[in-house]
Structure formats: structure tokens, C-alpha cells
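Asks: Have a peek at upload16.txt (compact mmCIF, C-alpha atoms).
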```
# COMPACT_ATOMS: atom_id res chain seq x y z
CA MET S 219 74.90 -7.13 -44.54
CA SER S 220 76.20 -4.83 -47.17
CA ALA S 221 79.84 -3.77 -46.91
CA ALA S 222 78.86 -0.11 -47.15
CA PRO S 223 75.79 0.42 -44.94
CA ARG S 224 73.46 3.05 -46.32
CA TYR S 225 71.79 3.96 -43.05
CA THR S 226 72.95 6.70 -40.74
CA THR S 227 71.26 8.34 -37.76
CA TYR S 228 69.87 11.05 -40.00
CA HIS S 229 68.97 9.03 -43.03
CA PRO S 230 68.54 11.38 -45.94
CA ARG S 231 66.06 9.17 -47.73
CA TRP S 232 63.14 9.34 -45.35
CA TYR S 233 60.01 9.89 -47.33
CA ARG S 234 58.02 12.99 -46.44
CA ARG S 235 54.60 13.25 -48.01
CA ARG S 236 53.52 16.79 -48.79
CA VAL S 237 50.11 17.79 -47.44
CA SER S 238 47.78 18.44 -50.36
CA VAL S 239 46.02 21.82 -50.55
CA TRP S 240 42.80 19.79 -50.69
CA TRP S 241 43.46 18.11 -47.30
CA TRP S 242 40.23 19.61 -45.94
CA LEU S 243 38.15 17.60 -48.41
CA GLU S 244 39.61 14.31 -47.18
CA SER S 245 37.17 13.85 -44.32
CA SER S 246 33.83 15.36 -43.37
CA ALA S 247 35.27 16.42 -39.99
CA TYR S 248 38.04 18.43 -41.70
CA THR S 249 35.52 19.99 -44.09
CA GLY S 250 33.25 20.92 -41.18
CA PHE S 251 36.21 22.52 -39.44
CA VAL S 252 37.18 24.61 -42.48
CA VAL S 253 33.54 25.68 -42.98
CA ARG S 254 33.42 26.77 -39.33
CA GLU S 255 36.69 28.70 -39.61
CA SER S 256 35.91 30.41 -42.91
CA THR S 257 32.34 31.42 -42.01
CA SER S 258 33.71 33.32 -39.02
CA VAL S 259 34.42 36.08 -41.57
CA PHE S 260 30.65 36.75 -41.56
CA VAL S 261 30.66 36.98 -37.77
CA ALA S 262 33.44 39.59 -37.96
CA LEU S 263 31.55 41.55 -40.66
CA PHE S 264 28.38 41.36 -38.56
CA ALA S 265 30.28 42.89 -35.63
CA LEU S 266 31.66 45.65 -37.89
CA VAL S 267 28.13 46.52 -39.06
CA ILE S 268 27.03 46.90 -35.44
CA LEU S 269 29.99 49.23 -34.80
CA TRP S 270 29.02 51.20 -37.89
CA GLN S 271 25.45 51.53 -36.54
CA LEU S 272 26.77 52.64 -33.14
CA ARG S 273 28.91 55.31 -34.75
CA ALA S 274 25.90 56.61 -36.68
CA LEU S 275 23.85 56.59 -33.48
CA ALA S 276 26.49 58.77 -31.80
CA GLN S 277 26.42 61.19 -34.75
CA GLY S 278 22.72 61.96 -34.26
CA PRO S 279 19.25 60.94 -35.46
CA GLU S 280 19.71 61.92 -39.12
CA ALA S 281 22.91 59.95 -39.54
CA TYR S 282 21.28 56.94 -37.88
CA ALA S 283 18.21 57.19 -40.14
CA ARG S 284 20.51 57.27 -43.19
CA VAL S 285 22.31 54.11 -42.04
CA LEU S 286 18.99 52.37 -41.32
CA ALA S 287 17.71 53.28 -44.78
CA ARG S 288 20.88 51.83 -46.27
CA LEU S 289 20.50 48.64 -44.25
CA HIS S 290 16.97 48.17 -45.59
CA THR S 291 18.19 47.73 -49.16
CA PRO S 292 18.04 44.16 -50.58
CA PRO S 293 21.85 43.49 -50.62
CA TRP S 294 22.11 44.36 -46.93
CA LEU S 295 19.03 42.32 -46.05
CA ALA S 296 20.56 39.37 -47.91
CA PHE S 297 23.85 39.88 -46.05
CA HIS S 298 22.06 39.91 -42.70
CA ALA S 299 20.08 36.78 -43.51
CA VAL S 300 23.32 34.90 -44.27
CA ALA S 301 25.21 36.46 -41.36
CA LEU S 302 22.42 35.58 -38.90
CA LEU S 303 22.64 31.95 -39.98
CA PHE S 304 26.40 31.85 -39.43
CA VAL S 305 26.27 33.78 -36.16
CA LEU S 306 23.75 31.23 -34.85
CA PHE S 307 25.97 28.39 -36.12
CA HIS S 308 28.99 29.89 -34.34
CA SER S 309 27.02 30.47 -31.12
CA VAL S 310 26.03 26.80 -31.06
CA THR S 311 29.54 25.49 -31.82
CA TRP S 312 30.96 27.89 -29.21
CA PHE S 313 28.56 26.79 -26.46
CA ASN S 314 29.15 23.16 -27.34
CA LEU S 315 32.88 23.52 -26.84
CA ALA S 316 32.49 25.48 -23.60
CA PRO S 317 32.66 22.36 -21.38
CA LYS S 318 35.98 21.43 -23.04
CA ALA S 319 37.60 24.69 -21.97
CA MET S 320 35.74 25.22 -18.73
CA VAL S 321 36.05 22.35 -16.30
CA LEU S 322 34.52 23.18 -12.95
CA ARG S 323 34.96 21.04 -9.90
CA LEU S 324 32.48 21.29 -7.05
CA GLY S 325 33.27 19.45 -3.84
CA GLY S 326 36.03 17.52 -5.64
CA LYS S 327 33.65 16.25 -8.34
CA LYS S 328 33.61 17.41 -11.94
CA VAL S 329 30.51 19.36 -12.96
CA PRO S 330 28.95 17.39 -15.87
CA ASP S 331 29.52 18.76 -19.41
CA ARG S 332 25.76 18.89 -20.07
CA LEU S 333 25.24 21.19 -17.10
CA ILE S 334 27.96 23.62 -18.26
CA GLN S 335 26.49 23.62 -21.76
CA GLY S 336 23.01 24.05 -20.32
CA MET S 337 24.08 27.02 -18.20
CA ASN S 338 25.60 28.69 -21.27
CA TYR S 339 22.45 28.12 -23.32
CA ALA S 340 20.30 29.33 -20.42
CA ALA S 341 22.35 32.56 -20.15
CA TRP S 342 22.04 33.02 -23.92
CA LEU S 343 18.25 32.56 -23.75
CA ALA S 344 17.88 34.87 -20.74
CA LEU S 345 19.90 37.66 -22.40
CA SER S 346 18.02 37.25 -25.68
CA ALA S 347 14.70 37.39 -23.79
CA ALA S 348 15.83 40.55 -21.96
CA VAL S 349 16.78 42.21 -25.26
CA ALA S 350 13.49 41.13 -26.85
CA PHE S 351 11.59 42.48 -23.82
CA ILE S 352 13.29 45.89 -24.15
CA LEU S 353 12.56 46.00 -27.89
CA VAL S 354 8.91 45.00 -27.51
CA ARG S 355 8.24 47.46 -24.67
CA ARG S 356 9.40 50.43 -26.71
CA MET E 521 31.74 -15.42 -44.54
CA ALA E 522 34.86 -14.62 -46.56
CA GLU E 523 37.76 -17.00 -46.01
CA THR E 524 40.44 -14.55 -46.97
CA VAL E 525 40.81 -10.79 -46.97
CA THR E 526 43.15 -8.59 -48.98
CA LEU E 527 45.47 -6.13 -47.28
CA THR E 528 46.88 -3.35 -49.43
CA VAL E 529 50.03 -2.37 -47.61
CA ALA E 530 52.20 0.68 -48.28
CA ARG E 531 55.81 -0.26 -49.02
CA TYR E 532 58.78 2.03 -48.99
CA ARG E 533 62.26 0.61 -49.43
CA PRO E 534 64.57 3.60 -49.57
CA GLU E 535 67.39 1.56 -51.14
CA ARG E 536 65.10 0.69 -54.09
CA GLU E 537 62.37 3.28 -54.39
CA SER E 538 62.25 7.04 -54.29
CA GLU E 539 58.63 7.07 -53.11
CA PRO E 540 56.20 4.61 -51.51
CA THR E 541 54.40 1.97 -53.54
CA GLU E 542 51.81 -0.52 -52.44
CA GLN E 543 51.63 -4.27 -52.31
CA SER E 544 48.60 -6.49 -51.83
CA TYR E 545 48.58 -9.61 -49.69
CA GLU E 546 45.86 -12.17 -49.25
CA VAL E 547 45.58 -13.32 -45.64
CA PRO E 548 43.17 -15.76 -43.98
CA PHE E 549 40.16 -14.08 -42.45
CA ARG E 550 39.58 -14.94 -38.82
CA LYS E 551 36.93 -13.36 -36.67
CA ASP E 552 39.29 -12.74 -33.75
CA TRP E 553 42.09 -11.29 -35.86
CA VAL E 554 43.10 -7.66 -35.80
CA VAL E 555 45.07 -5.88 -38.53
CA LEU E 556 48.28 -6.46 -36.56
CA ASP E 557 47.65 -10.24 -36.61
CA ALA E 558 47.29 -10.04 -40.39
CA LEU E 559 50.55 -8.06 -40.67
CA ASN E 560 52.33 -10.64 -38.54
CA TYR E 561 50.91 -13.40 -40.75
CA ILE E 562 52.37 -11.61 -43.78
CA LYS E 563 55.71 -11.16 -42.05
CA ASP E 564 55.88 -14.82 -40.92
CA ARG E 565 54.42 -16.62 -43.94
CA LEU E 566 54.30 -14.42 -47.03
CA ASP E 567 56.94 -11.70 -47.04
CA GLY E 568 59.58 -11.38 -44.36
CA SER E 569 60.79 -8.08 -45.75
CA LEU E 570 57.73 -6.11 -44.55
CA SER E 571 58.70 -3.73 -41.73
CA PHE E 572 56.38 -2.43 -39.00
CA ARG E 573 56.51 -1.65 -35.28
CA TRP E 574 54.60 -3.49 -32.61
CA SER E 575 55.08 -4.80 -29.15
CA CYS E 576 52.32 -5.55 -26.66
CA ARG E 577 49.27 -6.49 -28.83
CA MET E 578 46.95 -5.06 -26.16
CA GLY E 579 46.71 -1.29 -26.57
CA VAL E 580 49.24 -0.44 -23.89
CA CYS E 581 52.58 0.16 -25.61
CA GLY E 582 51.43 2.57 -28.32
CA SER E 583 53.84 1.17 -30.94
CA CYS E 584 51.52 -0.21 -33.61
CA GLY E 585 49.74 2.99 -34.67
CA MET E 586 49.14 3.03 -38.45
CA SER E 587 46.67 4.42 -40.89
CA VAL E 588 43.95 1.81 -41.51
CA ASN E 589 41.63 2.70 -44.39
CA GLY E 590 42.76 6.30 -43.97
CA GLN E 591 42.06 6.52 -40.22
CA PRO E 592 44.80 6.60 -37.59
CA LYS E 593 44.35 3.43 -35.52
CA LEU E 594 46.15 1.09 -33.20
CA THR E 595 46.40 -1.95 -35.46
CA CYS E 596 46.17 -4.21 -32.41
CA ALA E 597 42.69 -2.82 -31.74
CA SER E 598 41.36 -2.76 -35.32
CA PHE E 599 39.47 -5.96 -36.11
CA LEU E 600 39.55 -7.28 -39.66
CA SER E 601 35.82 -7.94 -39.30
CA ASP E 602 35.16 -4.21 -38.91
CA ALA E 603 36.81 -3.49 -42.27
CA LEU E 604 35.16 -6.12 -44.45
CA PRO E 605 34.92 -6.84 -47.33
CA GLY E 606 38.30 -5.21 -47.94
CA PRO E 607 40.76 -4.59 -49.36
CA ILE E 608 42.04 -3.02 -46.16
CA ARG E 609 44.54 -0.22 -46.77
CA VAL E 610 47.37 -0.12 -44.27
CA GLU E 611 49.72 2.87 -44.47
CA PRO E 612 52.23 4.51 -42.16
CA LEU E 613 50.93 7.20 -39.78
CA ARG E 614 50.28 10.39 -41.69
CA PHE E 615 52.39 13.54 -41.21
CA PHE E 616 55.47 11.63 -40.01
CA PRO E 617 58.51 10.96 -42.21
CA VAL E 618 58.55 7.34 -43.36
CA VAL E 619 61.71 5.41 -42.54
CA ARG E 620 60.67 2.16 -44.19
CA ASP E 621 57.34 0.51 -45.13
CA LEU E 622 55.06 1.18 -42.15
CA VAL E 623 57.76 2.51 -39.83
CA VAL E 624 57.79 6.26 -39.22
CA ASP E 625 60.36 8.46 -37.56
CA ILE E 626 59.18 9.66 -34.14
CA THR E 627 62.17 11.82 -33.16
CA ASP E 628 60.14 15.01 -33.54
CA PHE E 629 57.50 13.84 -31.04
CA MET E 630 60.12 12.62 -28.57
CA ARG E 631 61.86 15.98 -28.65
CA LYS E 632 58.59 17.86 -28.10
CA LEU E 633 57.51 15.53 -25.32
CA LYS E 634 60.71 16.22 -23.40
CA LYS E 635 60.27 19.97 -23.86
CA VAL E 636 57.07 20.07 -21.77
CA LYS E 637 58.81 18.40 -18.77
CA PRO E 638 56.46 15.45 -18.39
CA TRP E 639 57.50 14.64 -14.83
CA VAL E 640 56.69 15.97 -11.35
CA VAL E 641 58.64 19.21 -10.92
CA ARG E 642 59.30 20.34 -7.34
CA GLU E 643 60.75 23.67 -6.29
CA GLU E 644 62.44 21.82 -3.50
CA GLU E 645 62.45 18.05 -2.98
CA LYS E 646 61.56 17.10 0.56
CA PRO E 647 63.91 14.65 2.28
CA LEU E 648 63.13 10.95 1.89
CA SER E 649 62.59 10.63 5.65
CA GLU E 650 59.46 12.78 5.40
CA GLY E 651 57.79 10.13 3.26
CA GLU E 652 55.70 10.23 0.10
CA TYR E 653 53.81 13.13 -1.41
CA LEU E 654 50.27 12.21 -0.46
CA GLN E 655 47.29 12.64 -2.74
CA THR E 656 43.55 12.14 -2.27
CA PRO E 657 41.44 10.16 -4.78
CA ASP E 658 39.81 13.43 -5.87
CA GLN E 659 43.22 14.99 -6.54
CA LEU E 660 44.15 11.92 -8.58
CA ASP E 661 40.87 12.16 -10.46
CA ALA E 662 41.71 15.73 -11.54
CA TYR E 663 44.47 14.56 -13.93
CA LYS E 664 43.97 10.79 -14.29
CA GLN E 665 42.35 11.02 -17.71
CA PHE E 666 45.41 12.79 -19.17
CA SER E 667 47.77 10.28 -17.58
CA MET E 668 46.27 7.49 -19.70
CA CYS E 669 48.23 8.68 -22.78
CA ILE E 670 50.37 5.89 -24.28
CA ASN E 671 52.31 8.13 -26.70
CA CYS E 672 50.93 6.33 -29.74
CA MET E 673 50.86 9.57 -31.77
CA LEU E 674 47.52 8.84 -33.42
CA CYS E 675 46.47 12.36 -32.37
CA TYR E 676 49.37 13.91 -34.31
CA SER E 677 48.42 11.87 -37.32
CA ALA E 678 44.82 13.12 -37.11
CA CYS E 679 45.79 16.78 -36.67
CA PRO E 680 45.87 18.77 -39.93
CA ILE E 681 47.57 21.63 -38.06
CA TYR E 682 50.51 19.35 -37.29
CA GLY E 683 50.59 18.31 -40.94
CA LEU E 684 50.67 21.91 -42.15
CA GLU E 685 52.80 23.37 -39.33
CA PRO E 686 55.18 20.64 -38.18
CA SER E 687 56.62 22.96 -35.54
CA PHE E 688 53.32 22.76 -33.58
CA ILE E 689 54.08 21.11 -30.26
CA GLY E 690 51.00 18.94 -30.74
CA PRO E 691 48.09 17.32 -28.89
CA ALA E 692 49.73 14.59 -26.81
CA ALA E 693 52.59 16.77 -25.55
CA ILE E 694 50.11 19.44 -24.38
CA ALA E 695 47.81 16.84 -22.79
CA LEU E 696 50.80 15.44 -20.91
CA ALA E 697 51.85 18.91 -19.80
CA GLN E 698 48.31 19.29 -18.42
CA ARG E 699 48.61 15.90 -16.74
CA TYR E 700 51.47 17.27 -14.62
CA ASN E 701 50.08 20.79 -14.23
CA MET E 702 46.93 19.37 -12.65
CA ASP E 703 48.84 17.00 -10.39
CA SER E 704 48.63 18.31 -6.80
CA ARG E 705 52.27 17.23 -6.20
CA ASP E 706 53.64 19.25 -9.13
CA GLN E 707 55.01 22.81 -8.99
CA GLY E 708 56.22 23.18 -12.58
CA ALA E 709 53.22 24.87 -14.20
CA ALA E 710 55.01 28.21 -14.66
CA GLU E 711 57.98 26.52 -16.38
CA ARG E 712 55.64 24.71 -18.77
CA LEU E 713 53.60 27.83 -19.49
CA ASP E 714 56.62 29.45 -21.15
CA ILE E 715 56.91 26.56 -23.61
CA LEU E 716 53.20 26.09 -24.19
CA SER E 717 52.19 29.72 -24.62
CA GLU E 718 54.82 30.49 -27.25
CA HIS E 719 54.05 30.58 -30.97
CA ASP E 720 54.25 26.82 -31.55
CA GLY E 721 52.26 26.00 -28.43
CA ILE E 722 48.55 26.01 -27.66
CA TRP E 723 47.66 28.95 -29.91
CA GLN E 724 48.48 27.00 -33.06
CA CYS E 725 45.51 24.78 -32.22
CA THR E 726 42.29 25.92 -33.89
CA PHE E 727 40.24 23.12 -32.35
CA VAL E 728 39.66 20.72 -35.19
CA GLY E 729 38.91 18.17 -32.47
CA GLU E 730 40.02 15.09 -34.42
CA CYS E 731 42.82 14.32 -31.94
CA SER E 732 40.26 13.49 -29.27
CA LYS E 733 38.18 11.40 -31.65
CA VAL E 734 41.04 9.09 -32.64
CA CYS E 735 42.56 8.76 -29.16
CA PRO E 736 42.38 5.07 -28.18
CA LYS E 737 42.58 5.96 -24.48
CA ASN E 738 39.98 8.77 -24.33
CA VAL E 739 42.60 11.23 -23.14
CA ASP E 740 40.82 14.13 -24.90
CA PRO E 741 43.87 16.20 -25.88
CA ALA E 742 41.61 18.78 -27.58
CA GLY E 743 39.93 19.40 -24.23
CA ALA E 744 43.33 19.72 -22.53
CA ILE E 745 44.42 22.35 -25.06
CA GLN E 746 41.22 24.41 -24.75
CA ARG E 747 41.53 24.34 -20.95
CA TYR E 748 45.10 25.44 -21.23
CA LYS E 749 44.09 28.35 -23.47
CA LEU E 750 41.65 29.49 -20.79
CA ALA E 751 44.23 29.10 -18.01
CA GLY E 752 46.93 30.86 -20.09
CA THR E 753 44.63 33.80 -20.84
CA ALA E 754 43.61 34.12 -17.18
CA HIS E 755 47.29 34.09 -16.22
CA TRP E 756 48.06 36.79 -18.80
CA PHE E 757 45.28 39.02 -17.44
CA LYS E 758 46.68 38.57 -13.92
CA THR E 759 50.08 39.80 -15.08
CA LEU E 760 48.39 43.04 -16.20
CA LEU E 761 47.09 43.75 -12.70
CA PRO E 762 49.27 46.00 -10.50
CA LEU E 763 49.73 43.26 -7.89
CA GLY E 764 49.72 40.47 -10.45
CA THR E 765 51.95 37.42 -10.51
CA ARG E 766 55.45 37.75 -12.02
```
Take the structure in this file and express it as C-alpha cells.
Replies:
Amino acid sequence: MSAAPRYTTYHPRWYRRRVSVWWWLESSAYTGFVVRESTSVFVALFALVILWQLRALAQGPEAYARVLARLHTPPWLAFHAVALLFVLFHSVTWFNLAPKAMVLRLGGKKVPDRLIQGMNYAAWLALSAAVAFILVRR
Amino acid sequence: MAETVTLTVARYRPERESEPTEQSYEVPFRKDWVVLDALNYIKDRLDGSLSFRWSCRMGVCGSCGMSVNGQPKLTCASFLSDALPGPIRVEPLRFFPVVRDLVVDITDFMRKLKKVKPWVVREEEKPLSEGEYLQTPDQLDAYKQFSMCINCMLCYSACPIYGLEPSFIGPAAIALAQRYNMDSRDQGAAERLDILSEHDGIWQCTFVGECSKVCPKNVDPAGAIQRYKLAGTAHWFKTLLPLGTR
């Protein structure tokens, strides 16, 4: 034992490693997470475009036609192609995590995760089919 | 099959070094050996100055969590044979301050754990003469998974949010809060909600999901946090109603 012990309750020489700004490249799971989080920007933009369309719709047929013409230009078509991909990606990740957040118990037993996921996907399909039906009938 | 395997072990001796270095040791390879056995071999035969924590050797005490080849693991449950041909990198748990070699400081976790009141809270204790608080198997089943937590802190070490925002209350503490919230004998959910719904609570979590993947006891802290978010939001909506709670 040293005559002058160096250790105290709050030892000043603990080593703290700084987290690198590249931490998200350290594992594929972290990278996947950062891709999911950052692509949500496209989902937000997609929602804004829909609001923009709604506003034009409220302003009358000419305004709506102008917005539609704008949306048919190549940059907007490219944006929508990319945004559709990410919106689908986010829908799938969202439905897959649904059973984590929503735990139902029926008669004291836990409803299986697959069933909760399945119900979400079924609701998604049913709503999409209803929208498609309305669009086709017009 | 290889007769020896190399372990590259992180060393940090604060009286000598200002930052960690590494040291390689050659240990005999045995099929039934885990990384902790190899560390104990080093400690007993090669270098008595190596420091690390361990106790039960059977995945119950939660003391021997370390980073093995970059993954948070219980070293008592990580077989050498799964990490061949080596060298096997053994480092202290990430995101915790290193005290010495493989020993990290866990004060932060202990403080957070206590904050969520991980015990049965009763508004009023009933007298002993009235007997136990009874519970059906189904009521036990509702929280049993979360009660399996052994406080090994692998989930903290896997959570980049905890690394970037050390004030985050963290996966295990929230899972343990859920363990008591879902216990039919407990009445402390409202007290815990105040701690868990504040800035450093559940909303820091952005659902990376790695905490649940590394958990050696399948506690699923990520699931616990997402469920709590749903419950917290439902509670908040209820407070908006005219006849709401609170």
C-alpha cells in the first residue's frame, strides 16, 4: 500500500471515452436506425405536399390545376418516386413495431405479436383498397 | 482445433496511463470455456494485476458484462469457441467511465434505478394480520418478463442515445419501472410517470432497439419503453378531458 493513496470516492482519473461522430457507422443496426430517422424528412415533406394540394383544392379548380401541372414536372415526379419509397419503408417499420407498443391481453392471455401486426397490415390494405376503389370509380 | 487463443484485453491503470492501452494474452483453448474463464486464467496464471468484475459465473448476478469483440456481452455466457479464431477483444462496457482495466463505474445507473422506485408502492399498507397481497398466475405473467432484469447494464452499453445523452434514464430503469407499474399489487404508477415522462425519460428513446437485442434475459426494454410512451400519451389525453384524472 502506498503511503498516500491516490483513490478517493470520486476519482478524478476515470477514463471517459468520447462518442465519435461516426458512431452510427459502427454497426449495421445503428446505420439502419440513422437511415430510418433521417429518411423521415421525406415523409414530412410528403405530408406538406398533400397540405399544399388541399389548400389549392380549397382555392378553386384553377388553383388546383396549376398545382397539378407543377407536380407533373420531372423534379416533382422524381421527388414523389423517392418519397413513396420512404413512406412505404416507414409504414412497414411502423407496423412492425406496433406489437412492441401495443400489448393486448384477452382473457388474461397476451395477444400474439403476429396477430397485432397482421391486424395493422389488414387495416392498411383495407383502407388502401377503399381509396383505390373510390379513385377507380370516378 | 487450436490449442490456444489470444485475448486482446483493454488495460487502464490510472496511476500509470492517461488513456487505455491494450495487452494480449495467450490462453489455452478449451471447448467449455467462456471469456470469463479465460480472464480468470490470466488473473491466476499470467498477470495478477488485471482487474475485472465477476461473481456467479451463471448469468444471474449481472456483474461480468463487458464488450466482447465490440458487442456488449455477459462474459460468463460468451464461449471462446464462438469467437474463434481470435484474437478476442475484451473491453470495458461502452459509455461508462472506466475505473480500471475492465471495471466501469456504475454509480450513474444505480442513481437512475433508485429514481424510478423499483419496489411495490402502496398508498396504504394493509396490516400484517390481513395476510399477503394475492396475485393470480395471469397477473404475474403480465410483468414477469420485465422482472427478469439482472441489472447487467448491457442495454445501456448498446444504446447510442445513452452514449450521446448520458442524462437519459435508460432502458433497464424504464423496464424495471414497467415491471412495478404492471404489478397488480403496485399503486405507484403515477409517481413513476412524473420521472419517466420528463425530458430525460421515455421521450429520449428513439427506438434503436439494440437494448432488446443484447439483453441476456430477454427482458425487451425497448418494448417496455414503447408501451410506456403509449400509456403516457393516453394519460396525457385523459388530463385534457373535462373530467380527466388529476
Asks: Return as a Markdown table the residues of chain E lying at most 7 Å from chain S, together with the closest atom-to-atom pair for each and the distance in Å to one decimal, counting only C-alpha atoms, with rows in chain order and ascending residue number.
Replies:
```
| residue | atom | partner | partner_atom | distance |
| --- | --- | --- | --- | --- |
| E:Pro534 | CA | S:Arg231 | CA | 6.1 |
| E:Glu539 | CA | S:Tyr233 | CA | 6.6 |
| E:Pro617 | CA | S:Arg234 | CA | 4.7 |
| E:Val618 | CA | S:Tyr233 | CA | 4.9 |
| E:Val619 | CA | S:Trp232 | CA | 5.0 |
| E:Asp658 | CA | S:Gly326 | CA | 5.6 |
| E:Gly683 | CA | S:Val237 | CA | 6.5 |
| E:Leu684 | CA | S:Val237 | CA | 6.7 |
| E:Val728 | CA | S:Phe251 | CA | 5.8 |
| E:Gly743 | CA | S:Lys318 | CA | 4.6 |
| E:Gln746 | CA | S:Ala319 | CA | 4.6 |
| E:Arg747 | CA | S:Ala319 | CA | 4.1 |
| E:Leu750 | CA | S:Ala319 | CA | 6.4 |
```
Asks: Restricted to C-alpha atoms, what would the selected residues look like written as a CSV table (one decimal), keeping the file's coordinate frame?
Replies:
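Output file again02.csv is given in full below:
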```csv
chain,number,residue,atom,x,y,z
E,534,PRO,CA,64.6,3.6,-49.6
E,539,GLU,CA,58.6,7.1,-53.1
E,617,PRO,CA,58.5,11.0,-42.2
E,618,VAL,CA,58.6,7.3,-43.4
E,619,VAL,CA,61.7,5.4,-42.5
E,658,ASP,CA,39.8,13.4,-5.9
E,683,GLY,CA,50.6,18.3,-40.9
E,684,LEU,CA,50.7,21.9,-42.2
E,728,VAL,CA,39.7,20.7,-35.2
E,743,GLY,CA,39.9,19.4,-24.2
E,746,GLN,CA,41.2,24.4,-24.8
E,747,ARG,CA,41.5,24.3,-21.0
E,750,LEU,CA,41.6,29.5,-20.8
```
Asks: Name the residues in contact with Leu604 of chain E at a cut-off of 10 Å, using all atoms listed in the file, excluding same-chain residues fewer than 3 positions from it; report them as a PyMOL selection string.
Replies: chain E and resi 521-522+525-526+549+599-601+607-608
Asks: Could you tell me how far atom CA of Leu660 of chain E sits from atom CA of Cys584 of chain E, in Å to one decimal place?
Replies: 28.8 Å
Asks: Nearest to Ala695 of chain E: which of E:Ala742, E:Ala597, E:Ala662, E:Leu654 is it, counting only C-alpha atoms?
Replies: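 Counting only C-alpha atoms, the residue closest to Ala695 of chain E is E:Ala742.
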Asks: Which residues are near Val610 of chain E? Cut-off 8 Å, all atoms listed in the file, ignore same chain within fewer than 2 positions. Put them as a list in words.
Replies: Leu527, Thr528, Val529, Ala530, Met586, Ser587, Val588, Asn589, Gly590, Ile608 and Pro612 of chain E
Asks: Can you measure atom CA of Arg356 of chain S to atom CA of Leu266 of chain S for me? One decimal in Å is fine.
Replies: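 Separation between atom CA of Arg356 of chain S and atom CA of Leu266 of chain S: 25.4 Å.
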Asks: What separation in Å, quoted to one decimal, exists between atom CA of Leu289 of chain S and atom CA of Phe351 of chain S?
Replies: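 Atom CA of Phe351 of chain S lies at a distance of 23.1 Å from atom CA of Leu289 of chain S.
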Asks: For the point (54.9, 19.3, -23.4) in file coordinates, what residues are within 12 Å, counting all atoms listed in the file? Give the answer as a PyMOL selection string?
Replies: chain E and resi 629-639+671+688-701+708-709+711-718+720-722+741+744-745+748
Asks: May I ask which of the residues E:Leu622, E:Met702, E:Val641, E:Val547 is the closest one to Arg573 of chain E, counting only C-alpha atoms?
Replies: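 Answer, going by the shortest atom-to-atom distance: E:Leu622.
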Asks: Tell me which protein, DNA and RNA residues are within 10 Å of Thr524 of chain E, counting all atoms listed in the file, leaving out same-chain ones fewer than 4 positions away, and put them as a list in words.
Replies: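 Using all atoms listed in the file, the neighbours found are Tyr545, Glu546, Val547, Pro548, Phe549, Arg550, Pro605 and Gly606 of chain E.
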Asks: Applying 7 Å and only C-alpha atoms, which residues near Asn338 of chain S remain after dropping the ones on its own chain fewer than 4 positions away? List them as an mmCIF file with C-alpha atoms, in the coordinates of the input.
Replies:
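File produced: selection02.cif:
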```
data_model
loop_
_atom_site.group_PDB
_atom_site.id
_atom_site.type_symbol
_atom_site.label_atom_id
_atom_site.label_comp_id
_atom_site.auth_asym_id
_atom_site.auth_seq_id
_atom_site.Cartn_x
_atom_site.Cartn_y
_atom_site.Cartn_z
ATOM 1 C CA PHE S 313 28.560 26.790 -26.460
ATOM 2 C CA ILE S 334 27.960 23.620 -18.260
ATOM 3 C CA TRP S 342 22.040 33.020 -23.920
#
```
Asks: Using only C-alpha atoms, find all polymer residues with an atom at most 8 Å away from the point (56.8, -3.6, -39.0); report them as a VMD selection string.
Replies: chain E and resid 559 570 to 574 621 to 623
